[in-house]
Every structure is written in structure tokens, then in C-alpha cells.
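Novice: The following block contains the structure, expressed as C-alpha cells.
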Amino acid sequence: MNKNEWVTFHMATMPSRVVALFDTVNSILPQCDKLHIYLNNFEQVPAFLIHPKITTYMSHREMGDLGDVGKFYKTASQRGYIFTVDDKIIYPPDYVAQMIETIERTNRKAAVSNHGRNFHNRPSRSYYFDIQEQFSYQNAYPLTFVHEVGTGVLAWHSDTLTAGLDWFPHTNMTDIYFSIECQKRAIPLIIHPHSKFWITLGTKHNEEYSIHHFLNRRDQFQTKVCNDFEWKIRTCKVNDKL
């Protein structure tokens, strides 16, 4: 890790995830300079989030319930390495170091994730179930350029892009809209090379409250947005490992 560069993490969460959130936060804090957490519909700040490295934002005092868009709250004002993360994932102790290495291998030209999709070159019948190729953060992959990246395991440098809330016209679609805005700016999207179970899903959350659970059988709008966009694989030079 470049010690001269600030490392910020950004996350959105909701009350039903507070138990799982504890483990996620503990996996992040040793690796970051600052953790920003947008608290959707919380009545008070959980005690374990009162920490010198953590800044919390209560939704009723800010912009209301932003859903997953809350993980991009304040990202536009940050400098250095910016990470957006999920409140149910456990991040390995070398997560920041490994992600920064891949960012630097691209000379800060790309946004880097551990999860993503490639779409068909034809209209999709379903955003969730009719895709050409999926890359899961829990499985092993080499470095790969993709159409879309997952924002729960994502990082970039502020030299590469500035992602403001105006990138996201609808909530709970940050993967789609982040990737579309990067594509519009010709910013490559990369799957960070990782081994199986390097990143793991926590065990204390209820999957019935996930975006995937709510939308995977009701994804007509997501499918239309993806079908209306012309996806391309943007690439850049990737240097050997540092």
C-alpha cells in the first residue's frame, strides 16, 4: 500500500443488517484511514460504530433512504483510494493491499472489482438470469476486463474517476449505473485476480432482505436499462505484478 495515499471505505446499511455489519466493519477498520457509513432508516447509531475512523450519516438527517446508493454518499469529495463495500461481506486482511496493487498495475486507468458480468451481444431476457458470463467474488478468476462490476467489492483511485450521486437515477441498481457511467467515460472495468473464498460472505445476515432476493424475479426495469445501453469491453495496459 502507498502510505502517502488516503484509503477511504464507503458503505450503506439498514437495521436488519446490524448483526452482520459488526463482522464486516471489523474486517475493514484495520485496513482503512476512514470508513463512511450511510445508515438507512436507523433510529440511532449502533454503539460499535462510534469510532475515530468511522463517520456515520443518519438517513433522516441527510437525503433519506438511499438504498445501496448510500455507499456512494461522499465518494465524490474523497481523494486517494476509494473502496465501496457491502455490509454482509468479510474482507480479507490483505484486501486493500491487493486491490491497490491491481489499480496501480493499470496506471490508475481502471476501476477494479471482484464481481461482475459480461452481457450477451443480443437483448437479454433477464438481468439476473440471462447473461453471457458472471464473475463471483467467492470464486477464483484471473484478471479480466468486463462490461459490469459489482460495487460491493469495488475500488478505484480518485485520479481515475469521480462518482457522484447523480450517476444513480434509481436506487438498488448501483452496479448497473456505475458501470454505465464508466463506459460512457471509456474507463475500463476489471475483475481483480483472486482465489476462491479470498472474500467470503458473512453468516449472520438474512438473505431475504437482499436486493437480489427482492428483485431477481422482478427485474424487468433492470433488464430494460441494460438492453438500452451498448456495452463494450474497455481495456487498458496492465503492467506485471509490482
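Quick note on naming: the chains in the C-alpha cells go A, B, ... in the order shown, residues restart at 1 in each chain, and ligands are numbered from 1 in order of appearance.
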Could you pull the residues within 10 Å of Ala76 in chain A, counting only C-alpha atoms, minus those fewer than 6 positions along the same chain, as number ranges by chain?
Specialist: A: 82, 158, 161-165
Novice: Residues of range 3-167 of chain A in helix (DSSP H, G or I) according to DSSP, as a count of residues only?
Specialist: 46
Novice: What does the distance between CA of Glu62 in chain A and CA of Trp167 in chain A come to in Å, to one decimal place?
Specialist: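 About the pair CA of Glu62 in chain A and CA of Trp167 in chain A: they are 18.0 Å apart.
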Novice: So which one's closest to Phe229 in chain A, A:Thr203, A:Ser124, A:Thr174, A:Ser195? Using only C-alpha atoms, please.
Specialist: A:Ser124
Novice: Residues within 10 Å of Val18 in chain A, please, as a list in words. Count only C-alpha atoms; anything in the same chain fewer than 3 positions from it doesn't count.
Specialist: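 The filter keeps Thr13, Met14, Pro15, Leu21, Phe22, Asp23, Thr24, Phe42, Pro46, Phe48, Asp87, Lys88, Lys204 and His205 of chain A.
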Novice: Store the residues picked out above, limited to all heavy atoms, as a CSV table (one decimal), in the first residue's frame.
Specialist:
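Dumped to part-v7.csv:
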```csv
chain,number,residue,atom,x,y,z
A,13,THR,N,-26.0,0.7,4.8
A,13,THR,CA,-26.6,-0.4,5.6
A,13,THR,C,-28.0,-0.1,6.0
A,13,THR,O,-28.5,1.0,5.9
A,13,THR,CB,-25.7,-0.8,6.7
A,13,THR,OG1,-26.1,-2.1,7.3
A,13,THR,CG2,-25.7,0.3,7.8
A,14,MET,N,-28.7,-1.1,6.7
A,14,MET,CA,-30.0,-0.9,7.2
A,14,MET,C,-30.1,-1.7,8.5
A,14,MET,O,-29.3,-2.6,8.8
A,14,MET,CB,-31.0,-1.4,6.1
A,14,MET,CG,-30.8,-2.8,5.7
A,14,MET,SD,-31.9,-3.2,4.3
A,14,MET,CE,-31.3,-4.9,3.9
A,15,PRO,N,-31.1,-1.4,9.3
A,15,PRO,CA,-31.2,-2.0,10.6
A,15,PRO,C,-31.2,-3.5,10.6
A,15,PRO,O,-30.6,-4.1,11.5
A,15,PRO,CB,-32.5,-1.5,11.2
A,15,PRO,CG,-32.7,-0.2,10.5
A,15,PRO,CD,-32.2,-0.3,9.1
A,21,LEU,N,-23.2,-6.5,10.1
A,21,LEU,CA,-22.4,-5.4,9.9
A,21,LEU,C,-21.2,-5.3,10.9
A,21,LEU,O,-20.1,-4.9,10.5
A,21,LEU,CB,-23.2,-4.1,10.1
A,21,LEU,CG,-22.5,-2.8,10.0
A,21,LEU,CD1,-22.1,-2.5,8.6
A,21,LEU,CD2,-23.5,-1.6,10.4
A,22,PHE,N,-21.4,-5.8,12.1
A,22,PHE,CA,-20.3,-5.8,13.1
A,22,PHE,C,-19.1,-6.5,12.6
A,22,PHE,O,-17.9,-6.0,12.7
A,22,PHE,CB,-20.8,-6.5,14.4
A,22,PHE,CG,-19.8,-6.5,15.5
A,22,PHE,CD1,-19.6,-5.5,16.3
A,22,PHE,CD2,-19.0,-7.7,15.7
A,22,PHE,CE1,-18.6,-5.5,17.3
A,22,PHE,CE2,-18.1,-7.7,16.7
A,22,PHE,CZ,-17.9,-6.6,17.5
A,23,ASP,N,-19.2,-7.7,12.0
A,23,ASP,CA,-18.1,-8.5,11.5
A,23,ASP,C,-17.5,-7.8,10.3
A,23,ASP,O,-16.3,-7.8,10.1
A,23,ASP,CB,-18.5,-9.9,11.1
A,23,ASP,CG,-18.9,-10.7,12.4
A,23,ASP,OD1,-18.4,-10.4,13.5
A,23,ASP,OD2,-19.6,-11.7,12.2
A,24,THR,N,-18.3,-7.3,9.4
A,24,THR,CA,-17.8,-6.6,8.2
A,24,THR,C,-16.9,-5.4,8.6
A,24,THR,O,-15.8,-5.2,8.1
A,24,THR,CB,-19.0,-6.1,7.3
A,24,THR,OG1,-19.7,-7.2,6.9
A,24,THR,CG2,-18.4,-5.3,6.1
A,42,PHE,N,-32.1,4.1,10.3
A,42,PHE,CA,-31.7,3.8,11.7
A,42,PHE,C,-32.3,4.9,12.6
A,42,PHE,O,-32.3,6.1,12.3
A,42,PHE,CB,-30.2,3.8,11.8
A,42,PHE,CG,-29.5,2.5,11.5
A,42,PHE,CD1,-29.4,2.2,10.1
A,42,PHE,CD2,-29.0,1.7,12.4
A,42,PHE,CE1,-28.8,1.0,9.8
A,42,PHE,CE2,-28.4,0.5,12.1
A,42,PHE,CZ,-28.3,0.1,10.8
A,46,PRO,N,-25.5,2.6,16.0
A,46,PRO,CA,-25.1,1.4,16.8
A,46,PRO,C,-23.8,1.8,17.6
A,46,PRO,O,-22.9,2.5,17.0
A,46,PRO,CB,-24.8,0.3,15.8
A,46,PRO,CG,-25.7,0.7,14.7
A,46,PRO,CD,-25.7,2.2,14.6
A,48,PHE,N,-21.1,0.2,18.3
A,48,PHE,CA,-19.8,-0.2,17.8
A,48,PHE,C,-19.4,0.6,16.6
A,48,PHE,O,-18.2,0.5,16.2
A,48,PHE,CB,-19.8,-1.7,17.4
A,48,PHE,CG,-20.7,-2.1,16.2
A,48,PHE,CD1,-20.2,-2.0,14.9
A,48,PHE,CD2,-22.0,-2.5,16.4
A,48,PHE,CE1,-21.0,-2.4,13.9
A,48,PHE,CE2,-22.9,-2.8,15.4
A,48,PHE,CZ,-22.4,-2.7,14.1
A,87,ASP,N,-22.3,-4.6,3.3
A,87,ASP,CA,-22.5,-4.8,4.8
A,87,ASP,C,-22.6,-6.3,5.2
A,87,ASP,O,-22.9,-6.5,6.4
A,87,ASP,CB,-23.6,-4.0,5.3
A,87,ASP,CG,-25.0,-4.3,4.7
A,87,ASP,OD1,-25.0,-5.2,3.8
A,87,ASP,OD2,-26.0,-3.6,5.0
A,88,LYS,N,-22.5,-7.2,4.3
A,88,LYS,CA,-22.6,-8.6,4.7
A,88,LYS,C,-21.4,-9.4,4.3
A,88,LYS,O,-21.4,-10.7,4.4
A,88,LYS,CB,-23.9,-9.2,4.1
A,88,LYS,CG,-23.9,-9.2,2.5
A,88,LYS,CD,-25.2,-9.8,2.0
A,88,LYS,CE,-25.1,-9.7,0.4
A,88,LYS,NZ,-26.4,-10.2,-0.2
A,204,LYS,N,-24.2,-14.0,9.2
A,204,LYS,CA,-25.2,-13.5,10.2
A,204,LYS,C,-26.3,-12.6,9.6
A,204,LYS,O,-27.1,-12.1,10.3
A,204,LYS,CB,-24.4,-12.7,11.3
A,204,LYS,CG,-23.4,-13.5,12.1
A,204,LYS,CD,-22.7,-12.7,13.1
A,204,LYS,CE,-21.7,-13.5,13.9
A,204,LYS,NZ,-20.9,-12.7,14.8
A,205,HIS,N,-26.3,-12.6,8.3
A,205,HIS,CA,-27.4,-11.7,7.6
A,205,HIS,C,-28.5,-12.6,7.2
A,205,HIS,O,-28.4,-13.8,7.0
A,205,HIS,CB,-26.8,-11.0,6.4
A,205,HIS,CG,-26.4,-11.9,5.3
A,205,HIS,ND1,-25.3,-12.7,5.3
A,205,HIS,CD2,-27.1,-12.1,4.1
A,205,HIS,CE1,-25.3,-13.4,4.2
A,205,HIS,NE2,-26.3,-13.1,3.4
```
